[in-house]
$ cat protein_29.txt   # compact mmCIF, C-alpha atoms
# COMPACT_ATOMS: atom_id res chain seq x y z
CA MET A 1 -104.74 108.47 -45.28
CA LYS A 2 -101.12 107.45 -44.88
CA LYS A 3 -99.24 105.41 -47.45
CA VAL A 4 -99.46 101.71 -46.80
CA ASN A 5 -96.94 98.97 -47.27
CA LEU A 6 -98.12 96.89 -50.24
CA PHE A 7 -97.25 93.67 -48.45
CA ILE A 8 -99.43 94.62 -45.49
CA ALA A 9 -102.22 95.93 -47.69
CA VAL A 10 -102.33 92.69 -49.62
CA CYS A 11 -102.15 90.63 -46.45
CA VAL A 12 -105.06 92.40 -44.82
CA ALA A 13 -107.08 92.84 -47.96
CA ILE A 14 -106.69 89.31 -49.17
CA LEU A 15 -107.64 87.41 -46.06
CA LEU A 16 -108.20 89.99 -43.35
CA SER A 17 -106.10 87.99 -40.98
CA GLY A 18 -103.04 88.17 -43.16
CA LEU A 19 -103.19 85.15 -45.44
CA PHE A 20 -100.29 84.91 -47.80
CA ALA A 21 -99.57 82.25 -50.41
CA PHE A 22 -97.24 79.46 -51.36
CA GLN A 23 -96.06 78.24 -54.75
CA SER A 24 -94.89 74.65 -55.24
CA ALA A 25 -91.81 75.78 -57.12
CA ASN A 26 -89.35 77.09 -54.54
CA ARG A 27 -87.51 79.15 -57.10
CA PHE A 28 -90.68 81.01 -58.04
CA ALA A 29 -91.53 81.57 -54.39
CA ASP A 30 -88.05 82.90 -53.73
CA ASP A 31 -88.32 85.29 -56.69
CA PHE A 32 -91.51 86.98 -55.60
CA LEU A 33 -90.48 87.02 -51.93
CA LYS A 34 -87.29 88.76 -52.97
CA GLN A 35 -89.41 91.39 -54.67
CA LEU A 36 -91.06 91.98 -51.32
CA GLY A 37 -87.76 91.89 -49.49
CA ILE A 38 -88.67 89.09 -47.09
CA SER A 39 -87.34 85.60 -46.49
CA LYS A 40 -89.49 82.48 -46.76
CA THR A 41 -89.02 81.78 -43.04
CA ASP A 42 -90.21 85.25 -42.09
CA ALA A 43 -93.11 85.04 -44.53
CA ASP A 44 -94.22 81.72 -43.05
CA GLN A 45 -94.07 83.16 -39.53
CA LYS A 46 -96.15 86.14 -40.59
CA ILE A 47 -98.70 83.86 -42.22
CA ALA A 48 -99.20 81.81 -39.09
CA GLY A 49 -99.25 84.80 -36.76
CA SER A 50 -101.57 86.94 -38.83
CA PHE A 51 -103.91 84.22 -40.00
CA LEU A 52 -104.31 82.31 -36.75
CA TRP A 53 -104.14 85.10 -34.23
CA GLY A 54 -105.18 88.14 -36.24
CA SER A 55 -101.87 89.95 -35.69
CA LEU A 56 -100.23 91.84 -38.52
CA ASP A 57 -96.46 92.19 -38.53
CA GLN A 58 -94.99 94.40 -41.23
CA GLN A 59 -91.47 94.39 -39.84
CA GLY A 60 -88.82 93.22 -42.26
CA VAL A 61 -90.80 93.82 -45.45
CA ARG A 62 -88.43 96.18 -47.20
CA ASN A 63 -89.31 96.41 -50.88
CA ALA A 64 -93.11 96.23 -51.13
CA ARG A 65 -93.62 99.94 -51.70
CA ASN A 66 -91.26 99.87 -54.63
CA ILE A 67 -93.26 97.34 -56.64
CA ALA A 68 -94.75 98.98 -59.70
CA VAL A 69 -98.52 99.47 -59.60
CA GLY A 70 -98.93 97.42 -62.75
CA ASN A 71 -97.21 94.43 -61.15
CA ARG A 72 -99.19 94.39 -57.92
CA ALA A 73 -101.99 92.11 -59.13
CA ALA A 74 -99.37 89.56 -60.19
CA VAL A 75 -97.70 89.79 -56.79
CA ALA A 76 -101.11 89.37 -55.15
CA SER A 77 -101.70 86.22 -57.19
CA SER A 78 -98.36 84.86 -56.11
CA LEU A 79 -99.11 85.74 -52.53
CA LEU A 80 -102.46 83.97 -52.68
CA ALA A 81 -101.02 80.88 -54.28
CA TYR A 82 -98.39 80.89 -51.53
CA VAL A 83 -101.06 80.97 -48.85
CA LYS A 84 -103.17 78.25 -50.38
CA LYS A 85 -100.23 75.89 -50.36
CA TYR A 86 -98.96 76.90 -46.94
CA VAL A 87 -102.26 76.46 -45.08
CA ALA A 88 -102.26 72.83 -46.25
CA SER A 89 -98.76 72.24 -44.90
CA PRO A 90 -98.00 70.15 -41.79
CA ALA A 91 -96.40 73.19 -40.15
CA PHE A 92 -99.54 75.30 -40.42
CA ILE A 93 -101.84 72.43 -39.42
CA LYS A 94 -99.69 71.82 -36.34
CA GLU A 95 -99.97 75.47 -35.28
CA TYR A 96 -103.70 75.46 -35.93
CA ASN A 97 -104.21 72.35 -33.80
CA GLU A 98 -102.14 73.85 -30.99
CA MET A 99 -104.24 77.02 -31.11
CA ARG A 100 -107.42 74.94 -31.21
CA GLU A 101 -106.40 72.91 -28.18
CA LYS A 102 -105.50 76.02 -26.19
CA ALA A 103 -108.93 77.45 -26.96
CA LYS A 104 -110.72 74.32 -25.77
CA PRO A 105 -113.07 75.27 -22.91
CA GLU A 106 -112.43 73.97 -19.41
CA LEU A 107 -115.39 71.80 -18.55
CA PHE A 108 -117.17 72.21 -15.23
CA VAL A 109 -117.62 69.17 -13.03
CA PRO A 110 -119.74 69.78 -9.91
CA GLN A 111 -118.21 68.63 -6.66
CA THR A 112 -119.73 65.46 -5.23
CA PRO A 113 -121.57 65.70 -1.89
CA ASP A 114 -118.95 63.47 -0.23
CA ASP A 115 -116.08 65.61 -1.52
CA MET A 116 -117.86 68.76 -0.42
CA GLN A 117 -118.21 67.43 3.11
CA LYS A 118 -114.57 66.32 3.16
CA ASP A 119 -113.53 69.85 2.19
CA MET A 120 -115.74 71.34 4.89
CA ILE A 121 -114.12 69.07 7.47
CA THR A 122 -110.60 69.82 6.25
CA GLN A 123 -111.19 73.58 6.23
CA GLY A 124 -112.84 73.35 9.64
CA LYS A 125 -109.83 71.59 11.12
CA LYS A 126 -107.50 74.21 9.70
CA GLY A 127 -109.67 77.01 11.07
CA ILE A 128 -109.62 75.44 14.53
CA ALA A 129 -105.84 74.96 14.44
CA ASP A 130 -105.30 78.58 13.38
CA MET A 131 -107.62 79.86 16.07
CA GLU A 132 -105.91 77.78 18.75
CA GLU A 133 -102.67 79.49 17.81
CA SER A 134 -104.41 82.85 18.04
CA VAL A 135 -105.67 81.99 21.54
CA LYS A 136 -102.14 81.11 22.65
CA LYS A 137 -100.72 84.38 21.36
CA ALA A 138 -103.65 86.62 22.32
CA ASP A 139 -103.32 89.52 24.71
CA PRO A 140 -105.12 88.70 28.00
CA SER A 141 -107.75 91.33 27.27
CA MET A 142 -108.50 89.74 23.87
CA LYS A 143 -108.20 86.11 24.88
CA PRO A 144 -111.85 85.63 25.92
CA MET A 145 -113.00 86.79 22.49
CA PHE A 146 -110.69 84.34 20.71
CA GLU A 147 -111.76 81.53 23.02
CA LYS A 148 -115.40 82.23 22.14
CA MET A 149 -114.54 82.14 18.44
CA LEU A 150 -112.68 78.86 18.95
CA ALA A 151 -115.67 77.33 20.70
CA ASP A 152 -117.93 78.38 17.82
CA LEU A 153 -115.56 76.81 15.30
CA LYS A 154 -115.49 73.54 17.21
CA LYS A 155 -119.28 73.55 17.36
CA GLN A 156 -119.41 74.14 13.62
CA GLN A 157 -116.94 71.32 13.09
CA VAL A 158 -119.28 68.92 14.86
CA ALA A 159 -121.93 69.88 12.31
CA ASN A 160 -119.42 69.53 9.48
CA GLU A 161 -118.68 65.95 10.50
CA ASP A 162 -122.31 65.00 11.05
CA PRO A 163 -123.32 62.35 8.46
CA ASN A 164 -126.75 63.99 8.41
CA ASN A 165 -125.46 67.52 7.89
CA LYS A 166 -128.42 69.53 6.57
CA GLN A 167 -126.38 71.56 4.13
CA ILE A 168 -124.85 68.43 2.62
CA ALA A 169 -128.21 66.68 2.59
CA ALA A 170 -129.74 69.54 0.60
CA TYR A 171 -126.81 69.53 -1.80
CA ARG A 172 -127.02 65.76 -2.19
CA LYS A 173 -130.71 66.03 -3.05
CA ASN A 174 -130.02 68.58 -5.81
CA TYR A 175 -126.78 67.01 -7.01
CA PRO A 176 -128.33 65.02 -9.91
CA GLN A 177 -129.77 68.26 -11.32
CA PHE A 178 -126.45 70.03 -10.85
CA GLN A 179 -124.84 67.26 -12.90
CA LYS A 180 -127.40 67.60 -15.68
CA ASP A 181 -127.01 71.38 -15.78
CA ALA A 182 -123.21 71.07 -15.86
CA GLU A 183 -123.34 68.54 -18.68
CA ALA A 184 -125.68 70.75 -20.71
CA GLY A 185 -123.41 73.72 -20.17
CA ASN A 186 -120.33 71.71 -21.11
CA GLN A 187 -121.95 70.43 -24.28
CA ARG A 188 -122.88 73.99 -25.28
CA LEU A 189 -119.32 75.20 -24.73
CA LEU A 190 -117.88 72.29 -26.69
CA LYS A 191 -120.27 72.88 -29.56
CA GLU A 192 -119.33 76.56 -29.72
CA TRP A 193 -115.63 75.63 -29.62
CA GLU A 194 -115.98 73.01 -32.35
CA THR A 195 -117.91 75.48 -34.51
CA LYS A 196 -115.26 78.16 -34.12
CA TYR A 197 -112.32 75.76 -34.34
CA PRO A 198 -113.42 72.78 -36.47
CA VAL A 199 -111.35 69.61 -36.64
CA ASN A 200 -110.92 70.25 -40.35
CA HIS A 201 -108.68 73.30 -40.30
CA MET A 202 -109.74 74.21 -43.84
CA LEU A 203 -113.21 75.06 -42.54
CA PHE A 204 -111.49 77.60 -40.29
CA VAL A 205 -109.71 78.93 -43.36
CA LYS A 206 -113.03 79.14 -45.16
CA THR A 207 -114.48 81.46 -42.51
CA ARG A 208 -111.53 83.82 -43.08
CA LEU A 209 -112.11 83.72 -46.82
CA GLN A 210 -115.77 84.54 -46.39
CA GLN A 211 -114.85 87.38 -44.05
CA PHE A 212 -112.64 88.82 -46.76
CA LEU A 213 -115.42 88.65 -49.35
CA ASP A 214 -117.83 90.34 -46.94
CA GLU A 215 -115.37 93.10 -46.11
CA THR A 216 -114.43 93.90 -49.70
CA LYS A 217 -117.77 93.74 -51.50
CA ASP A 218 -118.38 97.50 -51.42
CA ILE A 219 -114.98 99.13 -51.84
CA ASP A 220 -115.27 102.40 -53.75
CA PHE A 221 -111.94 102.48 -55.52
CA ASP A 222 -112.85 105.76 -57.21
CA ALA A 223 -113.29 107.52 -53.88
CA GLU A 224 -111.80 111.00 -53.92
CA LEU A 225 -108.98 111.85 -51.52
CA ILE A 226 -107.72 115.14 -50.14
CA GLU A 227 -104.30 115.71 -48.62
CA LYS A 228 -103.78 117.63 -45.37
CA ASN A 229 -100.37 118.02 -43.78
CA GLY A 230 -98.99 115.17 -45.83
CA VAL A 231 -101.80 112.76 -44.92
CA LYS A 232 -104.57 111.71 -47.31
CA TYR A 233 -108.20 111.64 -46.19
CA PHE A 234 -111.42 110.63 -47.90
CA VAL A 235 -113.54 113.51 -49.11
CA ASN A 236 -116.57 111.37 -48.31
CA LYS A 237 -116.78 111.56 -44.51
CA ASN A 238 -118.59 108.22 -44.38
CA TYR A 239 -115.52 106.52 -45.79
CA GLU A 240 -113.40 108.00 -43.03
CA GLN A 241 -115.61 106.07 -40.59
CA LYS A 242 -114.88 102.77 -42.31
CA GLY A 243 -112.75 100.19 -40.51
CA ASN A 244 -109.04 99.76 -41.04
CA ARG A 245 -109.52 96.62 -43.11
CA TRP A 246 -111.81 98.41 -45.56
CA LYS A 247 -109.26 101.19 -45.87
CA MET A 248 -106.43 98.71 -46.30
CA ALA A 249 -108.33 97.07 -49.14
CA PHE A 250 -108.88 100.49 -50.74
CA ARG A 251 -105.17 101.24 -50.52
CA ALA A 252 -104.25 97.88 -52.00
CA GLY A 253 -106.14 98.93 -55.11
CA LYS A 254 -108.77 97.53 -57.42
CA PRO A 255 -106.47 95.19 -59.41
CA VAL A 256 -105.22 93.57 -56.20
CA ILE A 257 -108.65 93.21 -54.61
CA GLU A 258 -110.38 91.97 -57.76
CA THR A 259 -107.62 89.40 -58.20
CA ALA A 260 -107.95 88.37 -54.58
CA ARG A 261 -111.75 88.15 -54.68
CA LYS A 262 -111.77 85.96 -57.78
CA PHE A 263 -109.09 83.69 -56.33
CA THR A 264 -110.96 83.50 -53.02
CA GLU A 265 -114.30 82.67 -54.62
CA ASN A 266 -112.73 79.85 -56.60
CA TRP A 267 -110.83 78.58 -53.57
CA MET A 268 -113.95 78.48 -51.41
CA THR A 269 -115.70 76.15 -53.85
CA GLU A 270 -112.90 73.64 -53.27
CA ILE A 271 -113.31 73.59 -49.50
CA LYS A 272 -115.91 71.12 -48.32

$ encode --input "protein_29.txt" --output "structure tokens"
Amino acid sequence: MKKVNLFIAVCVAILLSGLFAFQSANRFADDFLKQLGISKTDADQKIAGSFLWGSLDQQGVRNARNIAVGNRAAVASSLLAYVKKYVASPAFIKEYNEMREKAKPELFVPQTPDDMQKDMITQGKKGIADMEESVKKADPSMKPMFEKMLADLKKQQVANEDPNNKQIAAYRKNYPQFQKDAEAGNQRLLKEWETKYPVNHMLFVKTRLQQFLDETKDIDFDAELIEKNGVKYFVNKNYEQKGNRWKMAFRAGKPVIETARKFTENWMTEIK
């Protein structure tokens, strides 16, 4: 296991998508951000990117590894408080709503019988025009073949323009059912979208918080490690199979994760 940047470990471990924190007092926020070696602007950008999109950007975090182990729980608390405030800010809500709108499913509207026939006629006319050009340019030996194809297209166009076209008639007969099926499908897609991206952005936040609690409920902080070629590995092979988030939480350490879990549990009770 390689060493991990404390800032990144806390970000992943705390909210799995990189939630940070925000303190109402700017001076306090500046102090703890300075400890991490990151500006408020960069921190805010990382919050939005990691929380909303699941990305994790550790660039620009210079000092996190130098924070004493005994101070890491305090930094985690500051980070969490920073997040809680930031996700309620207009800037974060704006980004969430933009993401939500982009994720909105495109609804399917079946073509009407009249529009379908109009398209058939339009495409038929284009096909005839293109084939007429081909006839004009055709080699004498190939011209009869193109003329036959042109005649077939014109015959098909007569059928396309027929008010009693059988294909259109069959489609028209089934069109009401097509509309019902499309509406049912659209409603299902919208429901799934609204569940995943609720109007109340805090419900989206809550799913991230629950994900964190689920991912960190069984961290074995006493797991033994062995070093090979400068890289640390778990002695327990099963732990080596764990996901990166589990390992990040392990690296963040018990004080950080326990602090984060308690904060998260309390926070979740406030979100309705």

$ atom_distance --input "protein_29.txt" --atom1 "atom CA of Gly127 of chain A" --atom2 "atom CA of Pro110 of chain A"
24.4 Å

$ atom_distance --input "protein_29.txt" --atom1 "atom CA of Lys217 of chain A" --atom2 "atom CA of Arg261 of chain A"
8.8 Å

$ axis_aligned_box --input "protein_29.txt" --around "segment 202-211 of chain A" --padding-each-side "4 Å" --output "JSON"
{"center_x": -112.7, "center_y": 80.8, "center_z": -43.6, "size_x": 14.1, "size_y": 21.2, "size_z": 14.5}

$ closest_residue --input "protein_29.txt" --among "A:Val83, A:Ala170, A:Val135, A:Val199" --to "Pro113 of chain A" --atoms "all atoms listed in the file"
A:Ala170

$ closest_residue --input "protein_29.txt" --among "A:Trp246, A:Lys206, A:Gln111, A:Ala73" --to "Phe178 of chain A" --atoms "all atoms listed in the file"
A:Gln111

$ atom_distance --input "protein_29.txt" --atom1 "atom CA of Lys254 of chain A" --atom2 "atom CA of Ala76 of chain A"
11.4 Å

$ closest_residue --input "protein_29.txt" --among "A:Ala169, A:Leu107, A:Met99, A:Met142" --to "Glu183 of chain A" --atoms "all atoms listed in the file"
A:Leu107

$ residues_around --input "protein_29.txt" --residues "Ala159 of chain A" --least-positions-apart "6" --cutoff "10 Å" --atoms "only C-alpha atoms" --output "list in words"
Met120, Ile121, Leu153, Asn165, Lys166 and Gln167 of chain A

$ closest_residue --input "protein_29.txt" --among "A:Gln157, A:Lys94, A:Lys104, A:Gln211" --to "Gln123 of chain A" --atoms "only C-alpha atoms"
A:Gln157

$ closest_residue --input "protein_29.txt" --among "A:Leu80, A:Phe146, A:Glu106, A:Asn164" --to "Asn186 of chain A" --atoms "all atoms listed in the file"
A:Glu106

$ closest_residue --input "protein_29.txt" --among "A:Asn160, A:Asp214, A:Ala103, A:Phe108" --to "Asp181 of chain A" --atoms "all atoms listed in the file"
A:Phe108

$ residues_around --input "protein_29.txt" --residues "Trp193 of chain A" --least-positions-apart "3" --cutoff "9 Å" --atoms "all atoms listed in the file" --output "list in words"
Arg100, Ala103, Lys104, Pro105, Arg188, Leu189, Leu190, Lys196, Tyr197 and Pro198 of chain A
